[in-house]
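Shown below: protein.tsv, with TSV, C-alpha atoms.
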chain	number	residue	atom	x	y	z
A	1	MET	CA	23.86	-8.64	-3.76
A	2	LYS	CA	22.56	-5.65	-1.84
A	3	GLU	CA	22.37	-5.95	1.93
A	4	PHE	CA	18.87	-4.90	2.96
A	5	TYR	CA	18.93	-2.45	5.80
A	6	MET	CA	17.21	0.80	6.61
A	7	ASN	CA	19.05	4.11	6.47
A	8	GLU	CA	17.18	5.50	9.48
A	9	GLN	CA	17.93	9.16	8.81
A	10	LEU	CA	16.98	8.99	5.13
A	11	PHE	CA	13.85	6.94	5.86
A	12	ASN	CA	12.70	9.47	8.46
A	13	GLN	CA	13.30	12.33	6.05
A	14	LYS	CA	11.34	10.63	3.27
A	15	ALA	CA	8.53	9.55	5.61
A	16	GLY	CA	8.04	13.13	6.74
A	17	GLN	CA	7.30	14.20	3.16
A	18	ILE	CA	4.73	11.50	2.34
A	19	LYS	CA	1.20	12.62	1.45
A	20	PHE	CA	0.08	9.51	-0.47
A	21	PHE	CA	0.78	5.86	0.42
A	22	LEU	CA	0.24	3.34	-2.39
A	23	THR	CA	0.47	-0.42	-2.39
A	24	ASP	CA	0.26	-3.39	-4.69
A	25	VAL	CA	-2.05	-6.23	-3.62
A	26	ASP	CA	-0.97	-9.76	-4.58
A	27	GLY	CA	2.24	-10.61	-2.77
A	28	VAL	CA	2.09	-7.41	-0.68
A	29	MET	CA	-1.34	-7.33	0.97
A	30	THR	CA	-1.69	-11.09	0.39
A	31	ASP	CA	0.85	-13.93	0.46
A	32	SER	CA	0.52	-14.12	-3.36
A	33	SER	CA	-1.55	-17.32	-3.25
A	34	LEU	CA	-4.43	-17.32	-5.73
A	35	SER	CA	-7.60	-19.24	-4.83
A	36	PHE	CA	-10.60	-19.79	-7.10
A	37	PHE	CA	-13.96	-21.52	-6.96
A	38	THR	CA	-16.66	-22.14	-9.56
A	39	ASP	CA	-20.25	-21.53	-8.55
A	40	GLU	CA	-23.32	-23.52	-9.63
A	41	ALA	CA	-23.78	-21.27	-12.65
A	42	GLY	CA	-20.30	-22.13	-13.86
A	43	LYS	CA	-18.83	-18.73	-13.06
A	44	THR	CA	-15.34	-18.67	-11.56
A	45	HIS	CA	-14.59	-16.37	-8.60
A	46	GLU	CA	-11.30	-15.38	-7.01
A	47	ILE	CA	-10.77	-15.49	-3.25
A	48	LYS	CA	-8.25	-13.18	-1.59
A	49	HIS	CA	-6.95	-13.55	1.97
A	50	PHE	CA	-6.02	-10.25	3.62
A	51	GLU	CA	-4.24	-9.59	6.91
A	52	SER	CA	-6.33	-7.49	9.31
A	53	LEU	CA	-3.21	-5.87	10.81
A	54	ASP	CA	-2.35	-4.48	7.37
A	55	GLY	CA	-5.85	-3.05	7.08
A	56	MET	CA	-5.58	-1.29	10.42
A	57	GLY	CA	-2.16	0.07	9.47
A	58	LEU	CA	-3.63	1.66	6.34
A	59	MET	CA	-6.46	3.18	8.36
A	60	PHE	CA	-3.93	4.58	10.84
A	61	LEU	CA	-2.09	6.27	7.95
A	62	LYS	CA	-5.36	7.76	6.72
A	63	TYR	CA	-6.22	8.95	10.24
A	64	CYS	CA	-2.89	10.79	10.36
A	65	GLY	CA	-3.54	12.67	7.13
A	66	ILE	CA	-1.82	10.39	4.61
A	67	ARG	CA	-4.01	9.40	1.68
A	68	THR	CA	-3.97	5.72	0.72
A	69	GLY	CA	-4.51	3.79	-2.47
A	70	ILE	CA	-4.01	0.57	-4.41
A	71	ILE	CA	-2.38	0.04	-7.80
A	72	SER	CA	-2.96	-3.53	-8.94
A	73	ARG	CA	-2.87	-5.58	-12.12
A	74	GLY	CA	-5.54	-7.76	-10.54
A	75	ASN	CA	-9.14	-7.62	-11.68
A	76	SER	CA	-11.05	-8.91	-8.65
A	77	PRO	CA	-14.22	-7.08	-7.48
A	78	THR	CA	-13.02	-7.96	-3.97
A	79	LEU	CA	-10.55	-5.09	-4.26
A	80	GLU	CA	-13.37	-2.54	-4.30
A	81	PHE	CA	-14.89	-4.07	-1.18
A	82	TRP	CA	-11.55	-4.11	0.66
A	83	ALA	CA	-10.58	-0.57	-0.39
A	84	ASN	CA	-13.94	0.74	0.83
A	85	ILE	CA	-13.61	-1.01	4.18
A	86	LEU	CA	-10.19	0.60	4.66
A	87	ASN	CA	-11.47	4.07	3.76
A	88	MET	CA	-8.95	4.32	0.94
A	89	ASP	CA	-8.85	7.25	-1.46
A	90	VAL	CA	-8.14	5.58	-4.77
A	91	LEU	CA	-8.17	2.14	-6.37
A	92	TYR	CA	-6.45	1.47	-9.69
A	93	TYR	CA	-7.04	-2.09	-10.81
A	94	ASN	CA	-6.80	-4.17	-13.97
A	95	VAL	CA	-3.79	-1.93	-14.66
A	96	ALA	CA	-1.20	-3.25	-17.11
A	97	ASP	CA	1.05	-0.16	-16.85
A	98	LYS	CA	1.32	0.90	-13.22
A	99	GLN	CA	3.39	3.94	-14.10
A	100	ARG	CA	0.39	5.39	-15.95
A	101	ALA	CA	-1.70	4.97	-12.81
A	102	LEU	CA	0.97	6.78	-10.79
A	103	ASN	CA	1.10	9.64	-13.30
A	104	ASP	CA	-2.69	9.95	-13.21
A	105	LEU	CA	-2.78	9.98	-9.43
A	106	GLN	CA	-0.06	12.59	-9.12
A	107	THR	CA	-1.87	14.81	-11.62
A	108	VAL	CA	-5.33	14.45	-10.06
A	109	TYR	CA	-4.17	14.95	-6.48
A	110	HIS	CA	-1.34	17.41	-7.24
A	111	ILE	CA	1.14	15.12	-5.51
A	112	THR	CA	4.85	15.15	-6.35
A	113	PRO	CA	6.95	11.98	-6.62
A	114	GLN	CA	8.74	12.89	-3.38
A	115	GLU	CA	5.37	13.00	-1.61
A	116	THR	CA	4.48	9.45	-2.68
A	117	ALA	CA	5.30	6.03	-1.20
A	118	PHE	CA	4.74	2.67	-2.91
A	119	VAL	CA	5.09	-0.94	-1.78
A	120	GLY	CA	5.77	-3.58	-4.44
A	121	ASP	CA	7.02	-7.13	-4.81
A	122	ASP	CA	7.54	-7.92	-8.51
A	123	ILE	CA	9.12	-6.46	-11.63
A	124	ILE	CA	5.78	-4.99	-12.77
A	125	ASP	CA	6.20	-2.61	-9.83
A	126	LEU	CA	9.63	-1.29	-10.84
A	127	GLY	CA	8.29	1.58	-12.97
A	128	VAL	CA	6.51	2.97	-9.91
A	129	LEU	CA	9.20	2.14	-7.36
A	130	LYS	CA	11.77	4.11	-9.35
A	131	ARG	CA	9.49	7.16	-9.54
A	132	VAL	CA	8.39	7.69	-5.95
A	133	GLY	CA	10.11	9.35	-3.01
A	134	LEU	CA	9.74	6.35	-0.69
A	135	PRO	CA	10.10	3.04	-2.59
A	136	LEU	CA	9.39	-0.04	-0.46
A	137	SER	CA	9.51	-3.80	-0.95
A	138	VAL	CA	8.24	-6.76	1.04
A	139	LEU	CA	10.65	-9.47	2.15
A	140	ASN	CA	9.20	-11.96	-0.34
A	141	GLY	CA	9.68	-9.54	-3.24
A	142	VAL	CA	11.92	-10.42	-6.16
A	143	GLU	CA	15.53	-9.28	-6.12
A	144	GLU	CA	14.87	-6.37	-8.48
A	145	THR	CA	12.24	-4.76	-6.25
A	146	LYS	CA	14.45	-5.15	-3.20
A	147	GLN	CA	17.29	-3.45	-5.04
A	148	ALA	CA	15.01	-0.54	-5.94
A	149	ALA	CA	13.61	-0.14	-2.41
A	150	LEU	CA	14.80	2.19	0.32
A	151	TYR	CA	13.40	-0.25	2.86
A	152	VAL	CA	12.62	-3.98	2.69
A	153	THR	CA	10.24	-5.32	5.34
A	154	GLN	CA	11.15	-8.00	7.84
A	155	LYS	CA	7.76	-9.62	7.27
A	156	HIS	CA	6.33	-11.31	4.20
A	157	GLY	CA	3.47	-9.88	2.19
A	158	GLY	CA	0.13	-10.98	3.60
A	159	HIS	CA	1.70	-11.44	7.03
A	160	GLY	CA	1.82	-7.90	8.38
A	161	ALA	CA	4.38	-6.30	6.05
A	162	VAL	CA	2.14	-3.31	5.26
A	163	ARG	CA	1.42	-2.80	8.96
A	164	GLU	CA	5.17	-2.90	9.64
A	165	ILE	CA	5.72	-0.10	7.13
A	166	ALA	CA	2.76	1.95	8.36
A	167	GLU	CA	4.07	1.89	11.92
A	168	LYS	CA	7.58	2.85	10.80
A	169	ILE	CA	6.25	5.80	8.83
A	170	LEU	CA	4.06	7.07	11.66
A	171	LYS	CA	6.83	6.61	14.25
A	172	ALA	CA	9.22	8.52	11.99
A	173	ARG	CA	6.66	11.34	11.79
A	174	GLY	CA	6.09	11.34	15.56
A	175	GLN	CA	2.42	10.35	15.15
A	176	TRP	CA	2.34	6.75	16.38
A	177	GLN	CA	1.81	7.42	20.07
A	178	GLN	CA	-1.14	9.69	19.26
A	179	VAL	CA	-2.69	6.87	17.23
A	180	VAL	CA	-2.25	4.43	20.12
A	181	GLN	CA	-3.73	6.93	22.56
A	182	ASP	CA	-6.71	7.76	20.34
A	183	VAL	CA	-7.53	4.10	19.64
A	184	GLU	CA	-7.25	3.23	23.32
A	185	SER	CA	-9.48	6.13	24.39
A	186	GLY	CA	-12.08	5.51	21.67
A	187	VAL	CA	-11.46	8.80	19.86
A	188	PHE	CA	-10.17	7.10	16.70
A	189	LYS	CA	-12.67	7.50	13.87
A	190	LEU	CA	-12.49	7.85	10.10
A	191	PRO	CA	-14.92	9.75	7.88
A	192	PRO	CA	-17.13	7.84	5.40
A	193	PRO	CA	-15.06	6.53	2.47
A	194	GLN	CA	-14.96	8.45	-0.80
A	195	LEU	CA	-13.20	5.94	-3.01
A	196	ARG	CA	-12.15	6.93	-6.53
A	197	ILE	CA	-12.00	3.85	-8.77
A	198	VAL	CA	-10.04	3.72	-12.03
A	199	ARG	CA	-10.14	0.48	-13.96
A	200	GLY	CA	-8.15	-0.66	-16.96
A	201	LEU	CA	-5.39	1.90	-17.54
Spell out the structure here as structure tokens.
Amino acid sequence: MKEFYMNEQLFNQKAGQIKFFLTDVDGVMTDSSLSFFTDEAGKTHEIKHFESLDGMGLMFLKYCGIRTGIISRGNSPTLEFWANILNMDVLYYNVADKQRALNDLQTVYHITPQETAFVGDDIIDLGVLKRVGLPLSVLNGVEETKQAALYVTQKHGGHGAVREIAEKILKARGQWQQVVQDVESGVFKLPPPQLRIVRGL
């Protein structure tokens, strides 16, 4: 079994090259629990519970010039709402083949694999994890995603794991203290979101 530790020098090198940060949702931005309710019309709706610290971490990445996006097999309209709130650049959802989404993104945005990071937790994420410069897994991920990752978080998905990664990337790039200073002074501000949505690849 692989011992999960961070090669600090390699992580810093990879983090410095990142132009696009991508993440899965269920099990990464949530704790993987699925909640549903049926309304009076008999229609079933999914409820997702997100961690606000993760959301802020993604906005900090965007503020520092790193584009952000979601690649998810999920099909919840909530994802559009959440991605808009976080000022994300792209949302791929209802995606059966995540590698196709990655290929599309890298073509549209002229991003190389080495300039891309991805956080996953399950074997559906392996195709992407093995094709990005900075592959990442959450602590609650399956063994295969941990083996494929350069870094495995100390926190579980849905409990600040994405924020943990965001801070590590920005600290490695020497940008974290500027974020703290700008938030504290009230300078921190993001432009209106321009979310590109791709559904059903």
Show which residues sit within 6 Å of A:Met29, as number ranges by chain. Count only C-alpha atoms, and ignore same-chain residues fewer than 4 positions away.
-> A: 25, 157-158
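Here atom CA of A:Pro135 and atom CA of A:Val95 stand 19.1 Å from one another.
Going from atom CA of A:Pro191 to atom CA of A:Glu167 covers 20.9 Å.
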Might you pull out every residue within 8 Å of stretch 84-92 of chain A, with all atoms listed in the file counted and same-chain residues fewer than 6 positions away left off, and present them as a list of chain:residue names?
-> A:Gly55, A:Met56, A:Leu58, A:Met59, A:Lys62, A:Arg67, A:Thr68, A:Gly69, A:Ile70, A:Ile71, A:Ser72, A:Ala101, A:Leu190, A:Pro191, A:Pro192, A:Pro193, A:Gln194, A:Leu195, A:Arg196, A:Ile197, A:Val198, A:Arg199, A:Gly200, A:Leu201
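Across the structure, atom CA of A:Glu8 and atom CA of A:Phe50 are spaced 28.6 Å apart.
Nearest residue to A:Ile66 among A:Val132, A:Leu22, A:Leu126, A:Leu105 is A:Leu22, counting all atoms listed in the file.
Nearest to A:Lys155 of all the residues A:Glu46, A:Glu143, A:Asp54, A:Glu40 is A:Asp54, counting all atoms listed in the file.
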Compile the contact shell of A:Thr116 as a PyMOL selection string: residues with an atom at most 12 Å away, counting all atoms listed in the file, same-chain residues fewer than 6 positions apart removed.
-> chain A and resi 14-23+66-69+102-103+105-106+109-110+128-136
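Minimum atom-to-atom distance to A:Asp26, evaluated using all atoms listed in the file, belongs to A:Gly120 out of A:Gly65, A:Gly120, A:Gly57, A:Pro77.
Between A:Ala96 and the candidates A:Leu61, A:Ile124, A:Ile111, A:Ala117, the tightest atom-to-atom separation, counting only C-alpha atoms, involves A:Ile124.
Near stretch 171-176 of chain A, within 8 Å and counting all atoms listed in the file, sit Phe11, Asn12, Ala15, Gly16, Cys64, Glu167, Lys168, Ile169, Gln178, Val179 and Val180 of chain A, not including residues fewer than 2 positions from it in the same chain.
Nearest residue to A:Asn140 among A:Thr112, A:Thr44, A:Thr30, A:Thr38 is A:Thr30, counting all atoms listed in the file.
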Restricting to only C-alpha atoms, whichever of A:Asp121, A:Asp182, A:Glu51, A:Asp104 is closest to A:Ser137 is A:Asp121
What would stretch 131-150 of chain A look like with N, CA and C atoms in place, written as a compact mmCIF listing (two decimals), in the coordinates of the input?
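Final output, saved to result.txt:
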# COMPACT_ATOMS: atom_id res chain seq x y z
N ARG A 131 10.02 5.82 -9.30
CA ARG A 131 9.49 7.16 -9.54
C ARG A 131 8.74 7.72 -8.33
N VAL A 132 9.00 7.16 -7.17
CA VAL A 132 8.39 7.69 -5.95
C VAL A 132 9.49 8.06 -4.95
N GLY A 133 9.13 8.92 -3.99
CA GLY A 133 10.11 9.35 -3.01
C GLY A 133 10.47 8.29 -2.01
N LEU A 134 9.50 7.40 -1.68
CA LEU A 134 9.74 6.35 -0.69
C LEU A 134 9.38 4.99 -1.30
N PRO A 135 10.33 4.36 -2.00
CA PRO A 135 10.10 3.04 -2.59
C PRO A 135 10.31 1.94 -1.56
N LEU A 136 9.38 0.99 -1.49
CA LEU A 136 9.39 -0.04 -0.46
C LEU A 136 9.13 -1.41 -1.07
N SER A 137 9.74 -2.43 -0.49
CA SER A 137 9.51 -3.80 -0.95
C SER A 137 9.23 -4.71 0.24
N VAL A 138 8.45 -5.74 0.01
CA VAL A 138 8.24 -6.76 1.04
C VAL A 138 9.37 -7.78 0.97
N LEU A 139 9.55 -8.52 2.06
CA LEU A 139 10.65 -9.47 2.15
C LEU A 139 10.59 -10.54 1.06
N ASN A 140 9.37 -10.94 0.69
CA ASN A 140 9.20 -11.96 -0.34
C ASN A 140 9.24 -11.41 -1.76
N GLY A 141 9.58 -10.13 -1.91
CA GLY A 141 9.68 -9.54 -3.24
C GLY A 141 10.85 -10.12 -4.02
N VAL A 142 10.80 -9.95 -5.33
CA VAL A 142 11.92 -10.42 -6.16
C VAL A 142 13.12 -9.51 -5.95
N GLU A 143 14.27 -10.00 -6.36
CA GLU A 143 15.53 -9.28 -6.12
C GLU A 143 15.49 -7.85 -6.68
N GLU A 144 14.88 -7.69 -7.85
CA GLU A 144 14.87 -6.37 -8.48
C GLU A 144 14.10 -5.33 -7.66
N THR A 145 12.99 -5.74 -7.06
CA THR A 145 12.24 -4.76 -6.25
C THR A 145 12.99 -4.45 -4.97
N LYS A 146 13.66 -5.40 -4.41
CA LYS A 146 14.45 -5.15 -3.20
C LYS A 146 15.60 -4.18 -3.50
N GLN A 147 16.21 -4.34 -4.66
CA GLN A 147 17.29 -3.45 -5.04
C GLN A 147 16.80 -2.02 -5.22
N ALA A 148 15.56 -1.87 -5.68
CA ALA A 148 15.01 -0.54 -5.94
C ALA A 148 14.46 0.12 -4.69
N ALA A 149 14.30 -0.63 -3.61
CA ALA A 149 13.61 -0.14 -2.41
C ALA A 149 14.57 0.55 -1.44
N LEU A 150 14.06 1.57 -0.78
CA LEU A 150 14.80 2.19 0.32
C LEU A 150 14.72 1.32 1.57
